[in-house]
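As provided, my_file-v3.cif (mmCIF, N, CA and C atoms) reads as follows.
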data_protein
loop_
_atom_site.group_PDB
_atom_site.id
_atom_site.type_symbol
_atom_site.label_atom_id
_atom_site.label_comp_id
_atom_site.auth_asym_id
_atom_site.auth_seq_id
_atom_site.Cartn_x
_atom_site.Cartn_y
_atom_site.Cartn_z
ATOM 1 N N MET Z 1 -2.850 13.248 6.591
ATOM 2 C CA MET Z 1 -2.406 11.939 7.024
ATOM 3 C C MET Z 1 -3.345 11.448 8.116
ATOM 4 N N LYS Z 2 -3.478 10.139 8.151
ATOM 5 C CA LYS Z 2 -4.289 9.536 9.205
ATOM 6 C C LYS Z 2 -3.539 8.357 9.799
ATOM 7 N N ARG Z 3 -3.816 8.111 11.065
ATOM 8 C CA ARG Z 3 -3.207 6.988 11.789
ATOM 9 C C ARG Z 3 -4.325 6.011 12.133
ATOM 10 N N GLU Z 4 -4.061 4.738 11.884
ATOM 11 C CA GLU Z 4 -5.054 3.714 12.164
ATOM 12 C C GLU Z 4 -4.411 2.547 12.903
ATOM 13 N N ALA Z 5 -5.167 1.953 13.810
ATOM 14 C CA ALA Z 5 -4.761 0.711 14.466
ATOM 15 C C ALA Z 5 -5.694 -0.371 13.947
ATOM 16 N N ILE Z 6 -5.122 -1.436 13.426
ATOM 17 C CA ILE Z 6 -5.886 -2.496 12.792
ATOM 18 C C ILE Z 6 -5.619 -3.794 13.539
ATOM 19 N N GLY Z 7 -6.673 -4.510 13.866
ATOM 20 C CA GLY Z 7 -6.528 -5.818 14.492
ATOM 21 C C GLY Z 7 -6.198 -6.851 13.429
ATOM 22 N N VAL Z 8 -5.148 -7.625 13.675
ATOM 23 C CA VAL Z 8 -4.712 -8.645 12.710
ATOM 24 C C VAL Z 8 -4.447 -9.938 13.462
ATOM 25 N N THR Z 9 -5.078 -11.027 12.998
ATOM 26 C CA THR Z 9 -4.838 -12.323 13.621
ATOM 27 C C THR Z 9 -3.947 -13.170 12.719
ATOM 28 N N GLY Z 10 -3.260 -14.100 13.341
ATOM 29 C CA GLY Z 10 -2.415 -15.021 12.590
ATOM 30 C C GLY Z 10 -0.931 -14.722 12.694
ATOM 31 N N MET Z 11 -0.570 -13.556 13.213
ATOM 32 C CA MET Z 11 0.843 -13.240 13.388
ATOM 33 C C MET Z 11 1.338 -13.937 14.656
ATOM 34 N N SER Z 12 2.447 -14.669 14.542
ATOM 35 C CA SER Z 12 2.932 -15.395 15.717
ATOM 36 C C SER Z 12 4.410 -15.155 16.019
ATOM 37 N N CYS Z 13 5.072 -14.344 15.174
ATOM 38 C CA CYS Z 13 6.508 -14.142 15.383
ATOM 39 C C CYS Z 13 6.957 -12.841 14.716
ATOM 40 N N ASN Z 14 8.236 -12.517 14.911
ATOM 41 C CA ASN Z 14 8.788 -11.307 14.290
ATOM 42 C C ASN Z 14 8.766 -11.404 12.770
ATOM 43 N N GLY Z 15 8.932 -12.608 12.244
ATOM 44 C CA GLY Z 15 8.874 -12.790 10.795
ATOM 45 C C GLY Z 15 7.502 -12.440 10.244
ATOM 46 N N CYS Z 16 6.460 -12.798 10.989
ATOM 47 C CA CYS Z 16 5.099 -12.441 10.587
ATOM 48 C C CYS Z 16 4.935 -10.921 10.580
ATOM 49 N N GLU Z 17 5.458 -10.272 11.605
ATOM 50 C CA GLU Z 17 5.390 -8.813 11.666
ATOM 51 C C GLU Z 17 6.057 -8.206 10.433
ATOM 52 N N GLN Z 18 7.227 -8.700 10.090
ATOM 53 C CA GLN Z 18 7.961 -8.167 8.942
ATOM 54 C C GLN Z 18 7.218 -8.413 7.640
ATOM 55 N N THR Z 19 6.549 -9.555 7.523
ATOM 56 C CA THR Z 19 5.781 -9.855 6.323
ATOM 57 C C THR Z 19 4.651 -8.849 6.147
ATOM 58 N N VAL Z 20 3.919 -8.574 7.220
ATOM 59 C CA VAL Z 20 2.820 -7.610 7.166
ATOM 60 C C VAL Z 20 3.358 -6.208 6.884
ATOM 61 N N GLU Z 21 4.423 -5.839 7.563
ATOM 62 C CA GLU Z 21 5.003 -4.504 7.361
ATOM 63 C C GLU Z 21 5.470 -4.324 5.922
ATOM 64 N N SER Z 22 6.095 -5.336 5.352
ATOM 65 C CA SER Z 22 6.563 -5.255 3.965
ATOM 66 C C SER Z 22 5.400 -5.134 2.991
ATOM 67 N N ALA Z 23 4.342 -5.900 3.239
ATOM 68 C CA ALA Z 23 3.174 -5.856 2.355
ATOM 69 C C ALA Z 23 2.533 -4.472 2.368
ATOM 70 N N LEU Z 24 2.440 -3.872 3.537
ATOM 71 C CA LEU Z 24 1.811 -2.558 3.634
ATOM 72 C C LEU Z 24 2.718 -1.445 3.117
ATOM 73 N N ALA Z 25 4.016 -1.606 3.290
ATOM 74 C CA ALA Z 25 4.967 -0.586 2.835
ATOM 75 C C ALA Z 25 4.942 -0.432 1.313
ATOM 76 N N LYS Z 26 4.468 -1.450 0.603
ATOM 77 C CA LYS Z 26 4.402 -1.387 -0.859
ATOM 78 C C LYS Z 26 3.259 -0.514 -1.368
ATOM 79 N N ILE Z 27 2.323 -0.173 -0.489
ATOM 80 C CA ILE Z 27 1.184 0.654 -0.885
ATOM 81 C C ILE Z 27 1.633 2.111 -0.945
ATOM 82 N N GLU Z 28 1.380 2.748 -2.071
ATOM 83 C CA GLU Z 28 1.730 4.165 -2.207
ATOM 84 C C GLU Z 28 0.898 4.979 -1.225
ATOM 85 N N GLY Z 29 1.568 5.819 -0.455
ATOM 86 C CA GLY Z 29 0.882 6.657 0.522
ATOM 87 C C GLY Z 29 1.026 6.164 1.949
ATOM 88 N N VAL Z 30 1.605 4.980 2.129
ATOM 89 C CA VAL Z 30 1.863 4.480 3.479
ATOM 90 C C VAL Z 30 3.216 5.018 3.919
ATOM 91 N N SER Z 31 3.235 5.739 5.040
ATOM 92 C CA SER Z 31 4.495 6.332 5.481
ATOM 93 C C SER Z 31 5.091 5.644 6.702
ATOM 94 N N ARG Z 32 4.267 4.900 7.450
ATOM 95 C CA ARG Z 32 4.792 4.214 8.634
ATOM 96 C C ARG Z 32 3.940 2.988 8.914
ATOM 97 N N VAL Z 33 4.598 1.893 9.287
ATOM 98 C CA VAL Z 33 3.905 0.654 9.649
ATOM 99 C C VAL Z 33 4.608 0.058 10.862
ATOM 100 N N ASP Z 34 3.824 -0.346 11.853
ATOM 101 C CA ASP Z 34 4.377 -1.003 13.029
ATOM 102 C C ASP Z 34 3.467 -2.161 13.412
ATOM 103 N N ALA Z 35 3.890 -3.392 13.108
ATOM 104 C CA ALA Z 35 3.115 -4.583 13.443
ATOM 105 C C ALA Z 35 3.577 -5.126 14.783
ATOM 106 N N ASN Z 36 2.629 -5.619 15.564
ATOM 107 C CA ASN Z 36 2.933 -6.193 16.878
ATOM 108 C C ASN Z 36 2.179 -7.505 17.010
ATOM 109 N N ASN Z 37 2.892 -8.627 16.908
ATOM 110 C CA ASN Z 37 2.215 -9.922 16.935
ATOM 111 C C ASN Z 37 1.620 -10.238 18.301
ATOM 112 N N GLU Z 38 2.231 -9.785 19.370
ATOM 113 C CA GLU Z 38 1.706 -10.073 20.707
ATOM 114 C C GLU Z 38 0.381 -9.365 20.949
ATOM 115 N N ALA Z 39 0.267 -8.124 20.478
ATOM 116 C CA ALA Z 39 -0.966 -7.356 20.647
ATOM 117 C C ALA Z 39 -1.960 -7.625 19.514
ATOM 118 N N GLU Z 40 -1.507 -8.350 18.497
ATOM 119 C CA GLU Z 40 -2.312 -8.631 17.308
ATOM 120 C C GLU Z 40 -2.841 -7.346 16.669
ATOM 121 N N THR Z 41 -1.936 -6.366 16.533
ATOM 122 C CA THR Z 41 -2.312 -5.102 15.909
ATOM 123 C C THR Z 41 -1.242 -4.658 14.917
ATOM 124 N N VAL Z 42 -1.697 -3.830 14.000
ATOM 125 C CA VAL Z 42 -0.800 -3.143 13.077
ATOM 126 C C VAL Z 42 -1.204 -1.672 13.102
ATOM 127 N N GLU Z 43 -0.235 -0.812 13.384
ATOM 128 C CA GLU Z 43 -0.486 0.623 13.335
ATOM 129 C C GLU Z 43 0.102 1.153 12.043
ATOM 130 N N VAL Z 44 -0.701 1.911 11.312
ATOM 131 C CA VAL Z 44 -0.234 2.482 10.053
ATOM 132 C C VAL Z 44 -0.501 3.984 10.044
ATOM 133 N N VAL Z 45 0.394 4.696 9.391
ATOM 134 C CA VAL Z 45 0.193 6.106 9.113
ATOM 135 C C VAL Z 45 0.168 6.226 7.599
ATOM 136 N N VAL Z 46 -0.949 6.751 7.086
ATOM 137 C CA VAL Z 46 -1.154 6.780 5.642
ATOM 138 C C VAL Z 46 -1.698 8.134 5.204
ATOM 139 N N ASP Z 47 -1.517 8.432 3.919
ATOM 140 C CA ASP Z 47 -2.143 9.612 3.334
ATOM 141 C C ASP Z 47 -3.651 9.423 3.365
ATOM 142 N N ASP Z 48 -4.370 10.524 3.353
ATOM 143 C CA ASP Z 48 -5.830 10.466 3.402
ATOM 144 C C ASP Z 48 -6.443 9.730 2.214
ATOM 145 N N ASN Z 49 -5.735 9.657 1.099
ATOM 146 C CA ASN Z 49 -6.296 9.030 -0.101
ATOM 147 C C ASN Z 49 -6.120 7.507 -0.133
ATOM 148 N N VAL Z 50 -5.465 6.920 0.860
ATOM 149 C CA VAL Z 50 -5.285 5.469 0.904
ATOM 150 C C VAL Z 50 -6.567 4.842 1.454
ATOM 151 N N ALA Z 51 -7.147 3.933 0.679
ATOM 152 C CA ALA Z 51 -8.409 3.297 1.069
ATOM 153 C C ALA Z 51 -8.175 2.186 2.081
ATOM 154 N N ASP Z 52 -9.094 2.087 3.035
ATOM 155 C CA ASP Z 52 -9.022 1.012 4.026
ATOM 156 C C ASP Z 52 -9.040 -0.354 3.346
ATOM 157 N N GLU Z 53 -9.769 -0.464 2.237
ATOM 158 C CA GLU Z 53 -9.857 -1.727 1.511
ATOM 159 C C GLU Z 53 -8.497 -2.154 0.969
ATOM 160 N N ASP Z 54 -7.674 -1.190 0.566
ATOM 161 C CA ASP Z 54 -6.334 -1.508 0.066
ATOM 162 C C ASP Z 54 -5.448 -2.052 1.185
ATOM 163 N N ILE Z 55 -5.586 -1.487 2.362
ATOM 164 C CA ILE Z 55 -4.814 -1.940 3.512
ATOM 165 C C ILE Z 55 -5.239 -3.362 3.889
ATOM 166 N N THR Z 56 -6.539 -3.566 3.978
ATOM 167 C CA THR Z 56 -7.069 -4.896 4.312
ATOM 168 C C THR Z 56 -6.628 -5.934 3.286
ATOM 169 N N ALA Z 57 -6.729 -5.595 2.002
ATOM 170 C CA ALA Z 57 -6.355 -6.537 0.943
ATOM 171 C C ALA Z 57 -4.881 -6.914 1.031
ATOM 172 N N ALA Z 58 -4.015 -5.957 1.319
ATOM 173 C CA ALA Z 58 -2.579 -6.241 1.422
ATOM 174 C C ALA Z 58 -2.286 -7.187 2.584
ATOM 175 N N ILE Z 59 -2.958 -6.979 3.708
ATOM 176 C CA ILE Z 59 -2.755 -7.842 4.879
ATOM 177 C C ILE Z 59 -3.237 -9.255 4.565
ATOM 178 N N GLU Z 60 -4.389 -9.347 3.918
ATOM 179 C CA GLU Z 60 -4.943 -10.671 3.596
ATOM 180 C C GLU Z 60 -4.094 -11.385 2.545
ATOM 181 N N ARG Z 61 -3.568 -10.658 1.559
ATOM 182 C CA ARG Z 61 -2.678 -11.272 0.568
ATOM 183 C C ARG Z 61 -1.416 -11.816 1.215
ATOM 184 N N ALA Z 62 -0.999 -11.169 2.317
ATOM 185 C CA ALA Z 62 0.200 -11.618 3.036
ATOM 186 C C ALA Z 62 -0.093 -12.863 3.881
ATOM 187 N N GLY Z 63 -1.372 -13.254 3.967
ATOM 188 C CA GLY Z 63 -1.711 -14.482 4.664
ATOM 189 C C GLY Z 63 -2.283 -14.318 6.058
ATOM 190 N N PHE Z 64 -2.736 -13.128 6.391
ATOM 191 C CA PHE Z 64 -3.260 -12.867 7.725
ATOM 192 C C PHE Z 64 -4.688 -12.342 7.642
ATOM 193 N N ASP Z 65 -5.396 -12.375 8.751
ATOM 194 C CA ASP Z 65 -6.788 -11.949 8.788
ATOM 195 C C ASP Z 65 -6.932 -10.639 9.531
ATOM 196 N N VAL Z 66 -7.782 -9.769 8.993
ATOM 197 C CA VAL Z 66 -8.074 -8.496 9.618
ATOM 198 C C VAL Z 66 -9.321 -8.656 10.486
ATOM 199 N N VAL Z 67 -9.238 -8.167 11.720
ATOM 200 C CA VAL Z 67 -10.360 -8.220 12.647
ATOM 201 C C VAL Z 67 -11.187 -6.956 12.451
ATOM 202 N N THR Z 68 -12.464 -7.143 12.168
ATOM 203 C CA THR Z 68 -13.328 -5.975 11.963
ATOM 204 C C THR Z 68 -14.257 -5.763 13.115
#
Could you write out this file's structure as structure tokens?
Amino acid sequence: MKREAIGVTGMSCNGCEQTVESALAKIEGVSRVDANNEAETVEVVVDDNVADEDITAAIERAGFDVVT
């Protein structure tokens, strides 16, 4: 398992946090998600086989931008 902190812009409320968390929770191998709109971060705990590209794509599909 690996833990990652990802910068995400565009989240402005608890609803935004829930949208991002729901999008990431649908990815097989994601075991924990914690979005924080004030810090503009999302912390995820995932299996080693989960690709960073899959995480980024899910966040972007939910309507938010990943800071690289």
Taking all atoms of region 10-20 of chain Z that the file lists, what box with edges along x, y and z, padded by 4 Å per side, do you get, with centre and edge lengths in Å to one decimal, as JSON?
{"center_x": 2.8, "center_y": -10.8, "center_z": 11.1, "size_x": 20.2, "size_y": 17.2, "size_z": 17.9}
Taking the file as I've supplied it (selection: the PyMOL selection byres ((chain Z and resi 47-57) around 7)), which residues are included? Please answer as JSON, numbers by chain.
{"Z": [1, 2, 24, 28, 29, 30, 31, 45, 46, 58, 59, 60, 61, 62, 66]}
Can you write just those residues out, N, CA and C atoms, as a short mmCIF file (atom, residue, chain, number, x, y, z; two decimals), in the coordinates of the input?
data_model
loop_
_atom_site.label_atom_id
_atom_site.label_comp_id
_atom_site.auth_asym_id
_atom_site.auth_seq_id
_atom_site.Cartn_x
_atom_site.Cartn_y
_atom_site.Cartn_z
N MET Z 1 -2.85 13.25 6.59
CA MET Z 1 -2.41 11.94 7.02
C MET Z 1 -3.34 11.45 8.12
N LYS Z 2 -3.48 10.14 8.15
CA LYS Z 2 -4.29 9.54 9.20
C LYS Z 2 -3.54 8.36 9.80
N LEU Z 24 2.44 -3.87 3.54
CA LEU Z 24 1.81 -2.56 3.63
C LEU Z 24 2.72 -1.44 3.12
N GLU Z 28 1.38 2.75 -2.07
CA GLU Z 28 1.73 4.16 -2.21
C GLU Z 28 0.90 4.98 -1.23
N GLY Z 29 1.57 5.82 -0.46
CA GLY Z 29 0.88 6.66 0.52
C GLY Z 29 1.03 6.16 1.95
N VAL Z 30 1.60 4.98 2.13
CA VAL Z 30 1.86 4.48 3.48
C VAL Z 30 3.22 5.02 3.92
N SER Z 31 3.24 5.74 5.04
CA SER Z 31 4.50 6.33 5.48
C SER Z 31 5.09 5.64 6.70
N VAL Z 45 0.39 4.70 9.39
CA VAL Z 45 0.19 6.11 9.11
C VAL Z 45 0.17 6.23 7.60
N VAL Z 46 -0.95 6.75 7.09
CA VAL Z 46 -1.15 6.78 5.64
C VAL Z 46 -1.70 8.13 5.20
N ALA Z 58 -4.01 -5.96 1.32
CA ALA Z 58 -2.58 -6.24 1.42
C ALA Z 58 -2.29 -7.19 2.58
N ILE Z 59 -2.96 -6.98 3.71
CA ILE Z 59 -2.76 -7.84 4.88
C ILE Z 59 -3.24 -9.26 4.57
N GLU Z 60 -4.39 -9.35 3.92
CA GLU Z 60 -4.94 -10.67 3.60
C GLU Z 60 -4.09 -11.38 2.54
N ARG Z 61 -3.57 -10.66 1.56
CA ARG Z 61 -2.68 -11.27 0.57
C ARG Z 61 -1.42 -11.82 1.22
N ALA Z 62 -1.00 -11.17 2.32
CA ALA Z 62 0.20 -11.62 3.04
C ALA Z 62 -0.09 -12.86 3.88
N VAL Z 66 -7.78 -9.77 8.99
CA VAL Z 66 -8.07 -8.50 9.62
C VAL Z 66 -9.32 -8.66 10.49
#
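Distance annotation: of Z:Val67, Z:Ile27, Z:Val44, Z:Val33, the residue with the minimal separation from Gly10 (chain Z) is Z:Val67; atom set is only C-alpha atoms.
Summary of the local environment: counting only C-alpha atoms, residues at most 12 Å from Gly63 (chain Z), other than itself and those fewer than 6 positions away along its chain, are Val8, Thr9, Gly10, Met11, Cys16, Glu17, Thr19, Val20, Ala23, Thr56 and Ala57 of chain Z.
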Selection above as a file: N, CA and C atoms, as an mmCIF file, in the coordinates of the input:
data_model
loop_
_atom_site.group_PDB
_atom_site.id
_atom_site.type_symbol
_atom_site.label_atom_id
_atom_site.label_comp_id
_atom_site.auth_asym_id
_atom_site.auth_seq_id
_atom_site.Cartn_x
_atom_site.Cartn_y
_atom_site.Cartn_z
ATOM 1 N N VAL Z 8 -5.148 -7.625 13.675
ATOM 2 C CA VAL Z 8 -4.712 -8.645 12.710
ATOM 3 C C VAL Z 8 -4.447 -9.938 13.462
ATOM 4 N N THR Z 9 -5.078 -11.027 12.998
ATOM 5 C CA THR Z 9 -4.838 -12.323 13.621
ATOM 6 C C THR Z 9 -3.947 -13.170 12.719
ATOM 7 N N GLY Z 10 -3.260 -14.100 13.341
ATOM 8 C CA GLY Z 10 -2.415 -15.021 12.590
ATOM 9 C C GLY Z 10 -0.931 -14.722 12.694
ATOM 10 N N MET Z 11 -0.570 -13.556 13.213
ATOM 11 C CA MET Z 11 0.843 -13.240 13.388
ATOM 12 C C MET Z 11 1.338 -13.937 14.656
ATOM 13 N N CYS Z 16 6.460 -12.798 10.989
ATOM 14 C CA CYS Z 16 5.099 -12.441 10.587
ATOM 15 C C CYS Z 16 4.935 -10.921 10.580
ATOM 16 N N GLU Z 17 5.458 -10.272 11.605
ATOM 17 C CA GLU Z 17 5.390 -8.813 11.666
ATOM 18 C C GLU Z 17 6.057 -8.206 10.433
ATOM 19 N N THR Z 19 6.549 -9.555 7.523
ATOM 20 C CA THR Z 19 5.781 -9.855 6.323
ATOM 21 C C THR Z 19 4.651 -8.849 6.147
ATOM 22 N N VAL Z 20 3.919 -8.574 7.220
ATOM 23 C CA VAL Z 20 2.820 -7.610 7.166
ATOM 24 C C VAL Z 20 3.358 -6.208 6.884
ATOM 25 N N ALA Z 23 4.342 -5.900 3.239
ATOM 26 C CA ALA Z 23 3.174 -5.856 2.355
ATOM 27 C C ALA Z 23 2.533 -4.472 2.368
ATOM 28 N N THR Z 56 -6.539 -3.566 3.978
ATOM 29 C CA THR Z 56 -7.069 -4.896 4.312
ATOM 30 C C THR Z 56 -6.628 -5.934 3.286
ATOM 31 N N ALA Z 57 -6.729 -5.595 2.002
ATOM 32 C CA ALA Z 57 -6.355 -6.537 0.943
ATOM 33 C C ALA Z 57 -4.881 -6.914 1.031
#
Just the number, please: distance in Å from atom C of Ala5 (chain Z) to atom C of Glu40 (chain Z), one decimal.
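Taking atom C of Ala5 (chain Z) and atom C of Glu40 (chain Z), their separation equals 8.0 Å.
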Run DSSP on the backbone of this structure and report the residues of chain Z it assigns to strand (DSSP E or B), as JSON, numbers by chain.
{"Z": [2, 3, 4, 5, 6, 7, 8, 9, 30, 31, 32, 33, 34, 35, 36, 41, 42, 43, 44, 45, 46, 65, 66, 67]}
Computed interatomic separation between atom N of Arg32 (chain Z) and CA of Arg3 (chain Z) (Å):
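CA of Arg3 (chain Z) lies at a distance of 8.9 Å from atom N of Arg32 (chain Z).
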Once the PyMOL selection byres ((chain Z and resi 35) around 7) has been applied to the shown file, what residues remain in the selection, as a PyMOL selection string?
chain Z and resi 17-18+20-21+33-34+36-38+41-43
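We find CA of Ser22 (chain Z) and atom C of Ala39 (chain Z) to be spaced 17.9 Å apart.
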Pop region 35-67 of chain Z out of the structure in the block and write N, CA and C atoms as a short mmCIF file (atom, residue, chain, number, x, y, z; two decimals), in the first residue's frame.
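Full text of selection_20.cif as output:
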data_model
loop_
_atom_site.label_atom_id
_atom_site.label_comp_id
_atom_site.auth_asym_id
_atom_site.auth_seq_id
_atom_site.Cartn_x
_atom_site.Cartn_y
_atom_site.Cartn_z
N ALA Z 35 -10.42 14.19 1.33
CA ALA Z 35 -10.28 15.45 0.61
C ALA Z 35 -10.43 16.61 1.57
N ASN Z 36 -9.65 17.66 1.35
CA ASN Z 36 -9.70 18.85 2.19
C ASN Z 36 -9.71 20.07 1.29
N ASN Z 37 -10.87 20.72 1.15
CA ASN Z 37 -10.97 21.84 0.22
C ASN Z 37 -10.16 23.05 0.69
N GLU Z 38 -10.04 23.26 1.98
CA GLU Z 38 -9.29 24.42 2.48
C GLU Z 38 -7.80 24.29 2.17
N ALA Z 39 -7.27 23.08 2.31
CA ALA Z 39 -5.85 22.84 2.04
C ALA Z 39 -5.60 22.52 0.56
N GLU Z 40 -6.68 22.35 -0.19
CA GLU Z 40 -6.61 21.97 -1.60
C GLU Z 40 -5.79 20.70 -1.80
N THR Z 41 -6.06 19.70 -0.95
CA THR Z 41 -5.36 18.42 -1.06
C THR Z 41 -6.34 17.26 -0.94
N VAL Z 42 -5.90 16.15 -1.49
CA VAL Z 42 -6.60 14.88 -1.31
C VAL Z 42 -5.54 13.86 -0.90
N GLU Z 43 -5.77 13.20 0.23
CA GLU Z 43 -4.88 12.14 0.66
C GLU Z 43 -5.55 10.82 0.33
N VAL Z 44 -4.80 9.94 -0.32
CA VAL Z 44 -5.33 8.63 -0.67
C VAL Z 44 -4.38 7.54 -0.20
N VAL Z 45 -4.96 6.42 0.18
CA VAL Z 45 -4.20 5.22 0.47
C VAL Z 45 -4.67 4.19 -0.54
N VAL Z 46 -3.71 3.68 -1.32
CA VAL Z 46 -4.05 2.79 -2.43
C VAL Z 46 -3.10 1.60 -2.47
N ASP Z 47 -3.56 0.54 -3.13
CA ASP Z 47 -2.68 -0.60 -3.40
C ASP Z 47 -1.58 -0.15 -4.33
N ASP Z 48 -0.46 -0.85 -4.29
CA ASP Z 48 0.68 -0.50 -5.13
C ASP Z 48 0.37 -0.57 -6.62
N ASN Z 49 -0.62 -1.35 -7.01
CA ASN Z 49 -0.92 -1.52 -8.44
C ASN Z 49 -1.83 -0.42 -9.01
N VAL Z 50 -2.28 0.52 -8.19
CA VAL Z 50 -3.13 1.61 -8.67
C VAL Z 50 -2.23 2.67 -9.31
N ALA Z 51 -2.50 2.98 -10.57
CA ALA Z 51 -1.68 3.95 -11.30
C ALA Z 51 -2.05 5.38 -10.94
N ASP Z 52 -1.04 6.23 -10.86
CA ASP Z 52 -1.27 7.65 -10.59
C ASP Z 52 -2.18 8.26 -11.65
N GLU Z 53 -2.06 7.78 -12.89
CA GLU Z 53 -2.87 8.30 -13.98
C GLU Z 53 -4.36 8.02 -13.75
N ASP Z 54 -4.67 6.89 -13.14
CA ASP Z 54 -6.07 6.56 -12.84
C ASP Z 54 -6.64 7.50 -11.78
N ILE Z 55 -5.83 7.84 -10.81
CA ILE Z 55 -6.25 8.75 -9.75
C ILE Z 55 -6.49 10.14 -10.35
N THR Z 56 -5.53 10.60 -11.13
CA THR Z 56 -5.65 11.92 -11.77
C THR Z 56 -6.88 11.97 -12.67
N ALA Z 57 -7.09 10.93 -13.47
CA ALA Z 57 -8.24 10.91 -14.39
C ALA Z 57 -9.56 10.97 -13.63
N ALA Z 58 -9.66 10.26 -12.52
CA ALA Z 58 -10.90 10.26 -11.74
C ALA Z 58 -11.19 11.65 -11.17
N ILE Z 59 -10.15 12.33 -10.69
CA ILE Z 59 -10.32 13.67 -10.13
C ILE Z 59 -10.75 14.64 -11.23
N GLU Z 60 -10.12 14.52 -12.39
CA GLU Z 60 -10.46 15.43 -13.50
C GLU Z 60 -11.86 15.14 -14.04
N ARG Z 61 -12.27 13.88 -14.10
CA ARG Z 61 -13.63 13.55 -14.53
C ARG Z 61 -14.67 14.12 -13.58
N ALA Z 62 -14.28 14.25 -12.30
CA ALA Z 62 -15.19 14.81 -11.30
C ALA Z 62 -15.28 16.33 -11.41
N GLY Z 63 -14.43 16.93 -12.26
CA GLY Z 63 -14.52 18.36 -12.50
C GLY Z 63 -13.49 19.21 -11.80
N PHE Z 64 -12.42 18.61 -11.33
CA PHE Z 64 -11.40 19.35 -10.59
C PHE Z 64 -10.04 19.17 -11.26
N ASP Z 65 -9.10 20.03 -10.92
CA ASP Z 65 -7.77 20.00 -11.52
C ASP Z 65 -6.74 19.50 -10.53
N VAL Z 66 -5.83 18.67 -11.03
CA VAL Z 66 -4.74 18.15 -10.22
C VAL Z 66 -3.53 19.06 -10.41
N VAL Z 67 -2.91 19.44 -9.30
CA VAL Z 67 -1.72 20.28 -9.34
C VAL Z 67 -0.50 19.36 -9.41
#
